[in-house]
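**Student:** Have a look at this one before I ask anything.
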Amino acid sequence: MIYPWQTALWATLQRAREGDHLPHALLFQGEDGCGNEAFVQDLAQSLLCLNPIASGHACQQCRSCHVLASQAHPDFMPVMLHEDRQAILVEQIRELNHFLGLSRSYSPRRVVIISPAERMNINAANSLLKSLEEPAADTHILLLSAHPGSLLPTIRSRCQQMRLPVPDSDAALQWLQQQTLQHSPETLLLAARGKPLTAFDLDSSETLGHYGEWLRHISECAQGQGSITAKSAQWEKFDKTLLLDWQLDAVNSLLKQALIANSAGLPGELQALSGAINKQRLWEIHTKLLAMKALVAHPLNPRLLIEDMLMLWQARY
């Protein structure tokens, strides 16, 4: 089933379907970690179903639904990255074009999912254009991309573009609170940068432990504790972009709480920081973190970059 924050878009698509106005090519755009893959998969199953229910969802009972569940549906084709490849290749799109020219077996239409669509190489993207320009009857091509700007403009212009929503903090938190978790939903959501499915995955991964330790280290720096050199050595080989994102989210949370003069809603990892740094310093840190993010891809000395991050939080007297 789709997630609560996706229901409005689902209803829009079902109204278009009922009115026979659903475009043959749909480009779904949205951030990873928000259940977008499940949404597109559910839409494909719905389109293939022989007896969809009133809400538009697949019945899960018909022959089409059973065959799709067994991953052997003759009217459905997923185009994904192969495990050993960095791009979707032209040979895959040529196979897709051939598939779209075949007669339907028993579903009311043929359905294709291309994901992640931005990973098609230039030859693959150009090969897809004809199928987008001259669609076969009773077919739907569903493209999913977290980075639609990387797609060829000619691909984007031939698709109906649909924005998949990122849930607001309340909706994401409410969903997480309904799951069985080992850690605080608030901490998970903060570490996942507001993305609930990413937060759920973090609950059983080692990354959350790294997140808590990194916040503890910057908190110690803010209180004038510990050695920056020793701390930087520990994080030298860690993903610098992720460390910067965690800090930016921490600053945003601290600023939000400072503006309403209430730290009660902060996760425990940020409680120590809330009283150690004033709003002016938080804005300064925010500005400098953004400048660092522009440099993170450069071949700089990683140890020095980590030290610079930690020094931003260092206590000033």
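Quick note on naming: the chains in the structure tokens go A, B, ... in the order shown, residues restart at 1 in each chain, and ligands are numbered from 1 in order of appearance.
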Among segment 49-206 of chain A, which residues carry a DSSP assignment of strand (DSSP E), reported as a PyMOL selection string?
**Tutor:** chain A and resi 76-79+110-114+139-145+160-163
**Student:** Mind checking which residues fall within 12 Å of Ala191 of chain A, counting only C-alpha atoms, ignoring those fewer than 6 positions away in the same chain, and posting them as a PyMOL selection string?
**Tutor:** chain A and resi 183-185+197-203+205-215+242-250+253+267+269-270
**Student:** Write a file of the just-selected residues containing C-alpha atoms, as a JSON list (two decimals), in the first residue's frame.
**Tutor:**
```json
[["chain", "number", "residue", "atom", "x", "y", "z"],
["A", 183, "HIS", "CA", 15.61, 3.98, 18.85],
["A", 184, "SER", "CA", 13.78, 7.25, 19.33],
["A", 185, "PRO", "CA", 11.71, 8.24, 16.25],
["A", 197, "LEU", "CA", 11.92, 5.26, 5.10],
["A", 198, "THR", "CA", 15.58, 6.15, 5.50],
["A", 199, "ALA", "CA", 14.91, 6.68, 9.21],
["A", 200, "PHE", "CA", 13.31, 3.24, 9.48],
["A", 201, "ASP", "CA", 16.34, 1.63, 7.81],
["A", 202, "LEU", "CA", 18.70, 3.51, 10.12],
["A", 203, "ASP", "CA", 17.05, 1.90, 13.14],
["A", 205, "SER", "CA", 22.06, -0.05, 10.91],
["A", 206, "GLU", "CA", 25.39, 1.07, 12.32],
["A", 207, "THR", "CA", 24.98, 4.54, 10.81],
["A", 208, "LEU", "CA", 22.82, 5.79, 13.68],
["A", 209, "GLY", "CA", 25.63, 4.97, 16.11],
["A", 210, "HIS", "CA", 28.01, 7.04, 13.99],
["A", 211, "TYR", "CA", 25.48, 9.88, 13.97],
["A", 212, "GLY", "CA", 25.21, 9.91, 17.77],
["A", 213, "GLU", "CA", 28.97, 9.79, 18.20],
["A", 214, "TRP", "CA", 29.53, 12.65, 15.74],
["A", 215, "LEU", "CA", 27.00, 14.84, 17.58],
["A", 242, "LEU", "CA", 27.01, 13.01, 5.33],
["A", 243, "LEU", "CA", 28.87, 14.67, 8.21],
["A", 244, "LEU", "CA", 28.11, 18.10, 6.75],
["A", 245, "ASP", "CA", 24.45, 17.22, 6.24],
["A", 246, "TRP", "CA", 24.16, 16.02, 9.83],
["A", 247, "GLN", "CA", 25.65, 19.27, 11.08],
["A", 248, "LEU", "CA", 23.40, 21.43, 8.90],
["A", 249, "ASP", "CA", 20.34, 19.58, 10.14],
["A", 250, "ALA", "CA", 21.53, 19.92, 13.73],
["A", 253, "SER", "CA", 16.97, 22.15, 14.60],
["A", 267, "PRO", "CA", 16.50, 14.78, 20.65],
["A", 269, "GLU", "CA", 21.88, 14.17, 21.22],
["A", 270, "LEU", "CA", 21.23, 17.88, 20.68]]
```
**Student:** Just the number, please: distance in Å from atom CA of Arg17 of chain A to atom CA of His98 of chain A, one decimal.
**Tutor:**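 Rounded to one decimal, the two atoms are 25.4 Å apart.
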**Student:** Could you pull the residues within 6 Å of segment 60-76 of chain A, counting only C-alpha atoms, minus those fewer than 4 positions along the same chain, as a list in words?
**Tutor:** Cys49, Arg110, Val111 and Val112 of chain A
**Student:** Please produce a file of the residues just selected, as an mmCIF file, in the first residue's frame, where the atoms kept are N, CA, C and O atoms.
**Tutor:**
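This went into part-v1.cif:
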```cif
data_model
loop_
_atom_site.group_PDB
_atom_site.id
_atom_site.type_symbol
_atom_site.label_atom_id
_atom_site.label_comp_id
_atom_site.auth_asym_id
_atom_site.auth_seq_id
_atom_site.Cartn_x
_atom_site.Cartn_y
_atom_site.Cartn_z
ATOM 1 N N CYS A 49 -3.746 -4.841 -13.006
ATOM 2 C CA CYS A 49 -4.768 -5.643 -12.344
ATOM 3 C C CYS A 49 -6.030 -5.771 -13.202
ATOM 4 O O CYS A 49 -6.458 -4.818 -13.860
ATOM 5 N N ARG A 110 0.107 -2.754 -21.153
ATOM 6 C CA ARG A 110 1.504 -3.063 -20.833
ATOM 7 C C ARG A 110 2.060 -1.930 -19.977
ATOM 8 O O ARG A 110 1.741 -0.764 -20.196
ATOM 9 N N VAL A 111 2.920 -2.280 -19.027
ATOM 10 C CA VAL A 111 3.474 -1.297 -18.104
ATOM 11 C C VAL A 111 4.978 -1.512 -17.986
ATOM 12 O O VAL A 111 5.456 -2.653 -17.893
ATOM 13 N N VAL A 112 5.707 -0.394 -17.980
ATOM 14 C CA VAL A 112 7.164 -0.409 -17.835
ATOM 15 C C VAL A 112 7.544 0.531 -16.692
ATOM 16 O O VAL A 112 6.952 1.604 -16.537
#
```
**Student:** Compile the contact shell of Glu236 of chain A as a list in words: residues with an atom at most 6 Å away, counting only C-alpha atoms, same-chain residues fewer than 4 positions apart removed.
**Tutor:**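 Selected residues are Ser232, Pro302 and Arg303 of chain A.
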**Student:** What lies within 12 Å of Ala124 of chain A using only C-alpha atoms, ignoring chain neighbours under 5 positions off, as a count of residues only?
**Tutor:** 22
**Student:** Residues of segment 14-191 of chain A classed as helix (DSSP H, G or I) by DSSP on the backbone are to be reported as a PyMOL selection string.
**Tutor:** chain A and resi 14-18+36-48+63-69+90-100+117-119+122-133+148-150+153-157+169-177+185-191
**Student:** Can you spit out the residues from that selection as a short mmCIF file (atom, residue, chain, number, x, y, z; two decimals), in the first residue's frame, using C-alpha atoms?
**Tutor:**
```
data_model
loop_
_atom_site.label_atom_id
_atom_site.label_comp_id
_atom_site.auth_asym_id
_atom_site.auth_seq_id
_atom_site.Cartn_x
_atom_site.Cartn_y
_atom_site.Cartn_z
CA GLN A 14 -6.92 7.54 -10.22
CA ARG A 15 -9.24 10.34 -11.31
CA ALA A 16 -7.17 10.72 -14.48
CA ARG A 17 -7.33 6.98 -15.02
CA GLU A 18 -11.11 6.83 -14.55
CA ASN A 36 8.63 6.53 -3.97
CA GLU A 37 9.64 3.14 -5.33
CA ALA A 38 6.67 1.54 -3.54
CA PHE A 39 4.31 4.17 -4.98
CA VAL A 40 5.40 3.55 -8.56
CA GLN A 41 5.32 -0.22 -8.07
CA ASP A 42 1.79 -0.01 -6.64
CA LEU A 43 0.68 2.11 -9.60
CA ALA A 44 2.12 -0.43 -12.04
CA GLN A 45 0.35 -3.28 -10.24
CA SER A 46 -2.89 -1.29 -10.26
CA LEU A 47 -2.65 -0.68 -14.01
CA LEU A 48 -2.04 -4.37 -14.67
CA ARG A 63 -4.44 -13.89 -12.29
CA SER A 64 -2.49 -10.74 -13.19
CA CYS A 65 -1.74 -9.91 -9.56
CA HIS A 66 -0.58 -13.45 -8.82
CA VAL A 67 1.70 -13.61 -11.86
CA LEU A 68 3.16 -10.17 -11.08
CA ALA A 69 3.91 -11.33 -7.54
CA VAL A 90 21.13 1.16 -24.67
CA GLU A 91 20.69 -2.62 -25.01
CA GLN A 92 18.18 -2.54 -22.14
CA ILE A 93 16.15 0.21 -23.81
CA ARG A 94 16.23 -1.60 -27.15
CA GLU A 95 14.79 -4.65 -25.40
CA LEU A 96 12.17 -2.36 -23.87
CA ASN A 97 11.24 -0.92 -27.27
CA HIS A 98 10.80 -4.44 -28.61
CA PHE A 99 8.64 -5.35 -25.60
CA LEU A 100 6.35 -2.37 -26.21
CA ALA A 117 15.72 7.05 -14.89
CA GLU A 118 18.58 9.53 -14.64
CA ARG A 119 21.05 6.64 -14.85
CA ILE A 122 23.05 9.10 -23.49
CA ASN A 123 22.51 6.32 -26.03
CA ALA A 124 19.86 4.65 -23.89
CA ALA A 125 18.00 7.93 -23.37
CA ASN A 126 18.04 8.71 -27.08
CA SER A 127 16.79 5.20 -27.85
CA LEU A 128 13.81 5.75 -25.54
CA LEU A 129 12.69 8.92 -27.32
CA LYS A 130 10.84 7.14 -30.13
CA SER A 131 8.74 5.11 -27.70
CA LEU A 132 7.86 8.34 -25.87
CA GLU A 133 7.05 10.22 -29.06
CA PRO A 148 15.36 14.68 -12.84
CA GLY A 149 17.65 17.55 -13.78
CA SER A 150 20.15 14.93 -14.93
CA PRO A 153 15.44 17.79 -21.64
CA THR A 154 13.93 15.85 -24.54
CA ILE A 155 13.01 13.02 -22.15
CA ARG A 156 11.47 15.38 -19.59
CA SER A 157 9.47 17.27 -22.23
CA SER A 169 7.88 16.43 9.96
CA ASP A 170 4.59 15.66 11.74
CA ALA A 171 3.47 13.12 9.12
CA ALA A 172 6.89 11.46 9.03
CA LEU A 173 7.08 11.30 12.83
CA GLN A 174 3.55 9.92 13.13
CA TRP A 175 4.35 7.14 10.67
CA LEU A 176 7.59 6.26 12.45
CA GLN A 177 5.85 6.16 15.83
CA PRO A 185 11.71 8.24 16.25
CA GLU A 186 12.86 11.85 16.70
CA THR A 187 16.53 10.86 16.64
CA LEU A 188 16.03 8.58 13.65
CA LEU A 189 14.19 11.25 11.68
CA LEU A 190 16.84 13.86 12.42
CA ALA A 191 19.64 11.52 11.35
#
```
**Student:** Nearest to Tyr3 of chain A among A:Val166, A:Ile306, A:Ser115, A:Gln223, with distances taken over only C-alpha atoms: which residue is it?
**Tutor:** A:Val166
